[in-house]
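K.L.:
Data: input.pdb, PDB, C-alpha atoms.
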ATOM      1  CA  MET A  10      98.987  38.988 199.249
ATOM      2  CA  SER A  11      96.136  41.132 198.080
ATOM      3  CA  LEU A  12      94.504  42.188 194.871
ATOM      4  CA  PRO A  13      95.317  45.528 193.241
ATOM      5  CA  PRO A  14      92.765  48.192 194.194
ATOM      6  CA  LEU A  15      89.311  47.843 192.587
ATOM      7  CA  PRO A  16      87.504  51.069 193.499
ATOM      8  CA  LEU A  17      83.877  51.590 192.496
ATOM      9  CA  SER A  18      85.069  54.105 189.889
ATOM     10  CA  ALA A  19      86.877  51.255 188.089
ATOM     11  CA  ILE A  20      83.691  49.208 187.631
ATOM     12  CA  SER A  21      81.389  49.633 184.609
ATOM     13  CA  ILE A  22      78.230  47.555 184.360
ATOM     14  CA  GLY A  23      76.228  46.783 181.233
ATOM     15  CA  VAL A  24      78.535  48.488 178.751
ATOM     16  CA  HIS A  25      77.445  48.379 175.118
ATOM     17  CA  ALA A  26      80.469  47.356 173.052
ATOM     18  CA  ALA A  27      80.344  46.941 169.291
ATOM     19  CA  GLY A  28      83.361  44.654 169.353
ATOM     20  CA  TRP A  29      86.381  43.567 171.357
ATOM     21  CA  ARG A  30      88.231  46.853 170.840
ATOM     22  CA  ASP A  31      85.336  48.745 172.409
ATOM     23  CA  ALA A  32      85.329  46.312 175.317
ATOM     24  CA  ILE A  33      89.073  46.764 175.956
ATOM     25  CA  THR A  34      88.723  50.530 175.557
ATOM     26  CA  ALA A  35      86.052  50.491 178.280
ATOM     27  CA  ALA A  36      88.362  48.517 180.601
ATOM     28  CA  GLY A  37      91.110  51.068 179.924
ATOM     29  CA  ALA A  38      88.747  53.982 180.504
ATOM     30  CA  ALA A  39      87.784  52.459 183.864
ATOM     31  CA  LEU A  40      91.461  52.203 184.852
ATOM     32  CA  GLU A  41      91.938  55.811 183.768
ATOM     33  CA  ARG A  42      88.877  56.973 185.718
ATOM     34  CA  SER A  43      90.179  55.345 188.888
ATOM     35  CA  GLY A  44      93.612  56.906 188.499
ATOM     36  CA  ALA A  45      95.500  53.666 187.808
ATOM     37  CA  ALA A  46      96.503  54.390 184.212
ATOM     38  CA  SER A  47      96.511  57.114 181.603
ATOM     39  CA  ALA A  48      94.748  56.935 178.254
ATOM     40  CA  SER A  49      97.521  55.273 176.275
ATOM     41  CA  TYR A  50      97.334  52.123 178.411
ATOM     42  CA  ALA A  51      94.080  51.103 176.688
ATOM     43  CA  GLU A  52      95.812  51.402 173.331
ATOM     44  CA  ARG A  53      98.650  49.209 174.574
ATOM     45  CA  MET A  54      96.185  46.577 175.827
ATOM     46  CA  ILE A  55      94.594  46.548 172.367
ATOM     47  CA  ALA A  56      98.036  46.260 170.754
ATOM     48  CA  VAL A  57      98.773  43.105 172.797
ATOM     49  CA  ILE A  58      95.710  41.399 171.305
ATOM     50  CA  GLU A  59      96.504  42.657 167.821
ATOM     51  CA  GLU A  60      99.985  41.154 168.131
ATOM     52  CA  PHE A  61      99.257  37.852 169.869
ATOM     53  CA  GLY A  62      95.571  37.143 169.277
ATOM     54  CA  ALA A  63      92.730  36.491 171.669
ATOM     55  CA  TYR A  64      94.765  34.500 174.195
ATOM     56  CA  VAL A  65      93.721  37.024 176.880
ATOM     57  CA  VAL A  66      90.327  35.286 176.811
ATOM     58  CA  ILE A  67      91.573  32.869 179.444
ATOM     59  CA  ALA A  68      88.273  31.340 180.539
ATOM     60  CA  PRO A  69      84.757  31.042 179.110
ATOM     61  CA  GLY A  70      83.326  34.544 178.928
ATOM     62  CA  LEU A  71      86.321  36.284 180.540
ATOM     63  CA  ALA A  72      89.067  38.449 179.040
ATOM     64  CA  LEU A  73      92.014  39.530 181.199
ATOM     65  CA  ALA A  74      93.139  42.710 179.467
ATOM     66  CA  HIS A  75      96.637  43.853 180.338
ATOM     67  CA  ALA A  76      99.877  45.192 178.930
ATOM     68  CA  ARG A  77     103.421  45.460 180.201
ATOM     69  CA  PRO A  78     104.251  47.918 182.974
ATOM     70  CA  GLY A  79     104.991  51.380 181.567
ATOM     71  CA  THR A  80     104.956  55.087 182.266
ATOM     72  CA  ASP A  81     101.218  55.121 181.540
ATOM     73  CA  VAL A  82     100.627  52.916 184.589
ATOM     74  CA  LEU A  83     100.207  55.401 187.417
ATOM     75  CA  ARG A  84      99.628  52.805 190.135
ATOM     76  CA  ASP A  85      98.534  49.175 190.426
ATOM     77  CA  GLY A  86      94.876  48.702 189.677
ATOM     78  CA  LEU A  87      92.067  46.451 188.484
ATOM     79  CA  SER A  88      88.996  47.370 186.490
ATOM     80  CA  VAL A  89      85.895  45.335 185.710
ATOM     81  CA  VAL A  90      83.627  45.895 182.715
ATOM     82  CA  THR A  91      80.521  43.810 182.145
ATOM     83  CA  LEU A  92      79.007  43.854 178.681
ATOM     84  CA  ALA A  93      75.326  44.305 177.921
ATOM     85  CA  GLU A  94      75.781  42.053 174.899
ATOM     86  CA  PRO A  95      78.681  39.561 174.870
ATOM     87  CA  VAL A  96      81.240  40.162 172.109
ATOM     88  CA  ALA A  97      83.505  37.809 170.178
ATOM     89  CA  PHE A  98      87.249  38.197 170.620
ATOM     90  CA  GLY A  99      88.123  35.387 168.211
ATOM     91  CA  HIS A 100      88.915  32.695 170.786
ATOM     92  CA  PRO A 101      87.910  29.217 169.592
ATOM     93  CA  HIS A 102      86.674  27.953 172.987
ATOM     94  CA  ASN A 103      86.004  30.831 175.337
ATOM     95  CA  ASP A 104      84.022  33.287 173.188
ATOM     96  CA  PRO A 105      81.825  35.226 173.586
ATOM     97  CA  VAL A 106      83.193  37.510 176.291
ATOM     98  CA  SER A 107      80.827  39.104 178.767
ATOM     99  CA  VAL A 108      83.327  40.212 181.452
ATOM    100  CA  VAL A 109      86.564  42.139 180.870
ATOM    101  CA  VAL A 110      88.997  42.486 183.762
ATOM    102  CA  GLY A 111      91.598  45.199 183.178
ATOM    103  CA  LEU A 112      94.918  44.833 185.009
ATOM    104  CA  ALA A 113      97.503  47.579 185.334
ATOM    105  CA  VAL A 114     100.672  46.773 187.233
ATOM    106  CA  SER A 115     103.476  49.241 187.805
ATOM    107  CA  SER A 116     106.276  46.705 188.065
ATOM    108  CA  ALA A 117     106.682  43.164 186.770
ATOM    109  CA  ASP A 118     107.669  41.966 190.251
ATOM    110  CA  GLN A 119     104.205  42.801 191.562
ATOM    111  CA  HIS A 120     102.445  40.549 189.079
ATOM    112  CA  VAL A 121     103.263  37.324 190.875
ATOM    113  CA  HIS A 122     101.645  38.456 194.097
ATOM    114  CA  PHE A 123      98.452  39.593 192.424
ATOM    115  CA  VAL A 124      97.827  36.656 190.170
ATOM    116  CA  ALA A 125      97.600  34.085 192.950
ATOM    117  CA  GLU A 126      94.799  36.145 194.459
ATOM    118  CA  LEU A 127      93.091  36.500 191.083
ATOM    119  CA  ALA A 128      93.362  32.739 190.645
ATOM    120  CA  ASN A 129      91.733  32.230 194.041
ATOM    121  CA  VAL A 130      88.804  34.397 192.972
ATOM    122  CA  PHE A 131      88.300  32.736 189.592
ATOM    123  CA  ASN A 132      88.943  29.125 190.631
ATOM    124  CA  ASN A 133      85.290  29.371 191.653
ATOM    125  CA  ALA A 134      83.649  28.573 188.341
ATOM    126  CA  SER A 135      80.465  30.406 189.307
ATOM    127  CA  VAL A 136      82.211  33.773 189.656
ATOM    128  CA  ILE A 137      82.328  34.665 185.944
ATOM    129  CA  PRO A 138      78.575  34.192 185.337
ATOM    130  CA  ALA A 139      77.851  35.970 188.635
ATOM    131  CA  LEU A 140      79.990  38.927 187.524
ATOM    132  CA  ALA A 141      78.289  38.958 184.121
ATOM    133  CA  SER A 142      74.853  39.245 185.722
ATOM    134  CA  ALA A 143      75.820  41.643 188.514
ATOM    135  CA  THR A 144      73.647  44.726 188.703
ATOM    136  CA  ASP A 145      75.725  46.914 191.012
ATOM    137  CA  ALA A 146      79.389  47.688 191.601
ATOM    138  CA  GLU A 147      79.343  46.667 195.250
ATOM    139  CA  GLY A 148      78.165  43.221 194.220
ATOM    140  CA  ILE A 149      81.150  42.954 191.894
ATOM    141  CA  ARG A 150      83.551  43.934 194.678
ATOM    142  CA  GLU A 151      81.937  41.261 196.854
ATOM    143  CA  LEU A 152      82.599  38.620 194.208
ATOM    144  CA  PHE A 153      86.285  39.595 194.312
ATOM    145  CA  GLY A 154      86.199  39.028 198.061
ATOM    146  CA  LEU A 155      86.456  42.748 198.733
ATOM    147  CA  GLY A 156      84.537  44.507 201.463
ATOM    148  CA  LEU A 157      81.953  47.192 201.095
ATOM    149  CA  ALA A 158      83.227  50.573 200.034
ATOM    150  CA  HIS A 159      81.705  53.675 201.598
ATOM    151  CA  THR A 160      78.841  54.320 199.241
ATOM    152  CA  SER A 161      75.886  55.107 201.427
ATOM    153  CA  SER A 162      75.190  58.095 199.190
ATOM    154  CA  ASN A 163      74.767  55.865 196.162
ATOM    155  CA  PRO A 164      71.055  55.115 195.707
ATOM    156  CA  ALA A 165      71.780  52.345 193.197
ATOM    157  CA  ILE A 166      73.032  50.044 195.946
ATOM    158  CA  SER A 167      70.388  48.376 198.044
ATOM    159  CA  PRO A 168      71.007  46.127 201.038
ATOM    160  CA  ALA A 169      69.001  43.424 199.270
ATOM    161  CA  SER A 170      71.281  43.364 196.246
ATOM    162  CA  VAL A 171      74.373  43.230 198.432
ATOM    163  CA  ALA A 172      72.871  40.349 200.398
ATOM    164  CA  ALA A 173      72.071  38.517 197.167
ATOM    165  CA  PHE A 174      75.676  38.763 196.022
ATOM    166  CA  LYS A 175      77.003  37.722 199.394
ATOM    167  CA  ALA A 176      74.850  34.620 199.111
ATOM    168  CA  ALA A 177      76.090  33.949 195.570
ATOM    169  CA  ALA A 178      79.689  34.416 196.630
ATOM    170  CA  ALA A 179      79.252  32.120 199.623
ATOM    171  CA  ALA A 180      77.705  29.468 197.393
ATOM    172  CA  ALA A 181      80.605  29.831 194.994
ATOM    173  CA  ALA A 182      83.091  29.427 197.822
ATOM    174  CA  ALA A 183      81.337  26.329 199.117
ATOM    175  CA  ALA A 184      81.345  24.816 195.632
ATOM    176  CA  ASN A 185      85.106  24.948 195.335
ATOM    177  CA  SER A 186      86.893  23.529 198.323
ATOM    178  CA  ASP A 187      90.322  23.833 196.655
ATOM    179  CA  ALA A 188      90.094  27.550 196.356
ATOM    180  CA  ALA A 189      88.456  27.921 199.732
ATOM    181  CA  ALA A 190      91.270  25.998 201.356
ATOM    182  CA  GLU A 191      93.960  28.068 199.698
ATOM    183  CA  SER A 192      92.334  31.447 199.881
ATOM    184  CA  ASP A 193      92.171  33.700 202.860
ATOM    185  CA  THR A 194      89.941  36.034 200.892
ATOM    186  CA  GLN A 195      87.012  33.711 201.495
ATOM    187  CA  ASP A 196      87.030  34.661 205.146
ATOM    188  CA  THR A 197      85.896  38.151 204.295
ATOM    189  CA  LEU A 198      82.887  37.164 202.228
TER
ATOM    190  CA  MET B  22     111.063  18.023 185.518
ATOM    191  CA  LYS B  23     110.491  21.412 183.939
ATOM    192  CA  ILE B  24     107.208  22.801 182.683
ATOM    193  CA  VAL B  25     106.996  26.079 180.778
ATOM    194  CA  VAL B  26     103.849  28.207 180.659
ATOM    195  CA  MET B  27     103.744  30.722 177.853
ATOM    196  CA  CYS B  28     101.668  33.791 177.072
ATOM    197  CA  GLY B  29     102.211  36.843 174.903
ATOM    198  CA  LEU B  30     103.928  38.960 177.531
ATOM    199  CA  GLY B  31     105.159  36.391 180.072
ATOM    200  CA  LEU B  32     103.201  38.101 182.832
ATOM    201  CA  GLY B  33      99.572  38.230 183.845
ATOM    202  CA  THR B  34      97.978  35.396 181.956
ATOM    203  CA  SER B  35     100.974  33.065 182.024
ATOM    204  CA  GLU B  36     101.406  33.649 185.745
ATOM    205  CA  ILE B  37      97.778  32.714 186.350
ATOM    206  CA  LEU B  38      98.371  29.515 184.418
ATOM    207  CA  LYS B  39     101.591  28.954 186.410
ATOM    208  CA  VAL B  40      99.718  29.219 189.714
ATOM    209  CA  ASN B  41      97.051  26.775 188.572
ATOM    210  CA  ALA B  42      99.584  24.377 187.002
ATOM    211  CA  GLU B  43     101.372  24.247 190.361
ATOM    212  CA  ARG B  44      98.044  23.493 192.068
ATOM    213  CA  ALA B  45      97.381  20.720 189.526
ATOM    214  CA  LEU B  46     100.886  19.233 189.993
ATOM    215  CA  GLU B  47     100.446  19.246 193.757
ATOM    216  CA  ARG B  48      97.166  17.397 193.343
ATOM    217  CA  LEU B  49      98.904  14.834 191.102
ATOM    218  CA  SER B  50     101.882  14.579 193.477
ATOM    219  CA  ILE B  51     104.239  15.448 190.628
ATOM    220  CA  ASP B  52     107.395  17.362 191.450
ATOM    221  CA  ALA B  53     108.188  19.901 188.737
ATOM    222  CA  ASP B  54     109.487  23.426 188.249
ATOM    223  CA  VAL B  55     107.014  25.688 186.474
ATOM    224  CA  MET B  56     108.392  28.698 184.656
ATOM    225  CA  ALA B  57     106.447  31.524 182.994
ATOM    226  CA  THR B  58     107.754  32.961 179.759
ATOM    227  CA  ASP B  59     106.672  35.037 176.781
ATOM    228  CA  VAL B  60     106.589  34.309 173.059
ATOM    229  CA  ALA B  61     110.045  35.809 172.567
ATOM    230  CA  GLY B  62     111.588  33.689 175.315
ATOM    231  CA  VAL B  63     109.890  30.349 174.780
ATOM    232  CA  GLN B  64     112.586  28.749 172.625
ATOM    233  CA  SER B  65     115.312  29.216 175.199
ATOM    234  CA  ALA B  66     113.009  28.566 178.169
ATOM    235  CA  ALA B  67     111.669  25.322 176.717
ATOM    236  CA  ARG B  68     114.992  23.864 175.561
ATOM    237  CA  ASP B  69     115.090  21.492 178.551
ATOM    238  CA  ALA B  70     111.359  21.389 179.298
ATOM    239  CA  GLN B  71     109.082  18.344 179.075
ATOM    240  CA  VAL B  72     105.868  20.287 178.628
ATOM    241  CA  ILE B  73     104.739  23.678 177.339
ATOM    242  CA  LEU B  74     101.326  24.881 178.535
ATOM    243  CA  THR B  75      99.726  27.688 176.537
ATOM    244  CA  SER B  76      96.608  29.077 174.864
ATOM    245  CA  SER B  77      95.306  27.723 171.568
ATOM    246  CA  GLU B  78      95.953  31.195 170.190
ATOM    247  CA  LEU B  79      99.702  30.963 170.794
ATOM    248  CA  VAL B  80     100.570  27.405 169.720
ATOM    249  CA  GLY B  81     101.704  28.602 166.310
ATOM    250  CA  ALA B  82     104.163  31.032 167.884
ATOM    251  CA  ILE B  83     106.175  28.327 169.669
ATOM    252  CA  GLY B  84     108.058  26.994 166.655
ATOM    253  CA  ARG B  85     109.941  23.692 166.682
ATOM    254  CA  THR B  86     110.210  22.031 170.071
ATOM    255  CA  ASN B  87     110.738  18.600 171.579
ATOM    256  CA  ALA B  88     108.432  19.399 174.481
ATOM    257  CA  ASP B  89     104.820  18.225 174.580
ATOM    258  CA  VAL B  90     102.604  21.205 173.823
ATOM    259  CA  ILE B  91      99.389  21.244 175.856
ATOM    260  CA  VAL B  92      96.591  23.691 175.035
ATOM    261  CA  ILE B  93      94.623  24.904 178.043
ATOM    262  CA  ASP B  94      91.162  26.321 177.297
ATOM    263  CA  ASN B  95      90.243  27.560 180.777
ATOM    264  CA  PHE B  96      93.286  28.872 182.664
ATOM    265  CA  PHE B  97      91.335  28.842 185.939
ATOM    266  CA  ASP B  98      90.169  25.230 185.674
ATOM    267  CA  VAL B  99      92.594  23.198 187.800
ATOM    268  CA  ASP B 100      90.675  20.032 186.835
ATOM    269  CA  GLU B 101      91.379  20.640 183.134
ATOM    270  CA  VAL B 102      95.054  21.426 183.757
ATOM    271  CA  ALA B 103      95.472  18.353 185.987
ATOM    272  CA  ALA B 104      93.746  16.010 183.527
ATOM    273  CA  LYS B 105      95.849  17.209 180.583
ATOM    274  CA  LEU B 106      99.097  17.081 182.561
ATOM    275  CA  GLU B 107      98.270  13.575 183.781
ATOM    276  CA  THR B 108      97.674  12.426 180.203
ATOM    277  CA  ALA B 109     100.936  13.960 178.972
ATOM    278  CA  LEU B 110     103.116  12.833 181.867
ATOM    279  CA  GLY B 111     101.433   9.587 182.902
TER
END
Starting from the file, lay out its structure as structure tokens.

P.N.:
Amino acid sequence: MSLPPLPLSAISIGVHAAGWRDAITAAGAALERSGAASASYAERMIAVIEEFGAYVVIAPGLALAHARPGTDVLRDGLSVVTLAEPVAFGHPHNDPVSVVVGLAVSSADQHVHFVAELANVFNNASVIPALASATDAEGIRELFGLGLAHTSSNPAISPASVAAFKAAAAAAAAANSDAAAESDTQDTL
Amino acid sequence: MKIVVMCGLGLGTSEILKVNAERALERLSIDADVMATDVAGVQSAARDAQVILTSSELVGAIGRTNADVIVIDNFFDVDEVAAKLETALG
């Protein structure tokens, strides 16, 4: 099992969103930028919340934006958007949201394989605040248990910041033995 | 025993809750089938279920049911899921 691809192009840090629609739109734009979805997918993710409410805010500070598979899903993919100012989605317990994870899946069968891995990542309670305060995209990939992408040309990424996130991720893994025991992703941290 | 987890679409969020409900049941040593469904399918899925797990946002969409409805605030918190299942089933 592995997560859907989370390329650096699908990560947006410190986005200014006026409200939850802006935040979902940013998660959709990140999926579009990385080639996982076309523009209409963001509108469909918004429509899910308009129809069913803010249930996609599944943990304190975290929204899992998604819609059904469709022709606007070009391939499986994740996106991550962190918000400069948290926004309310209307959830009674988990507002305000500071991290939006966008999920595009090309077939319903694939969902089951991905979600167990996502659960492994987020069973560590410290991951959401660490994502919210991340300052570079590599650090976010680290928190998902993903290795370094080839970004030596990117001046925004310093070895020190990567090391800091590795330390945070290791601390998170140590704090949650359940997830560590069930997850093989921890081995790569 | 049958436990139904429900979200708007029956995929994504409900499957995350399914995974963590199964982890909670294992911790409690309770043998149960956990099934993910959507709002449209919950009535038929929950006909023979003891428990429905869902978000506070979706409770109103369930309609009449004989199952215990449990609201989960943090879908990733196995401790919360286990504690609420233990209360409902214990």

K.L.:
With all atoms listed in the file as the atoms that count, which of A:Ala76, A:Val130, A:Ala139, A:Ala36 lies nearest to Ala56 (chain A)?

P.N.:
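Of A:Ala76, A:Val130, A:Ala139, A:Ala36, the one nearest Ala56 (chain A), counting all atoms listed in the file, is A:Ala76.
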
K.L.:
With 7 Å as the limit and counting all atoms listed in the file, what residues in chain A lie close to chain B? Please list them as number ranges by chain.

P.N.:
A: 61-65, 67-69, 102, 120-121, 124-125, 128, 131-132

K.L.:
Smallest atom-to-atom distance to Val102 (chain B): which of B:Leu74, B:Asn87, B:Ser50, B:Met22, using all atoms listed in the file?

P.N.:
B:Leu74

K.L.:
May I ask for the distance between CA of Gly84 (chain B) and CA of Met56 (chain B), given in Å to one decimal place?

P.N.:
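Value for the CA of Gly84 (chain B)-CA of Met56 (chain B) distance: 18.1 Å.
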
K.L.:
To one decimal place, how far is CA of Lys105 (chain B) from CA of Val108 (chain A) in Å?

P.N.:
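Those two atoms sit 26.2 Å apart.
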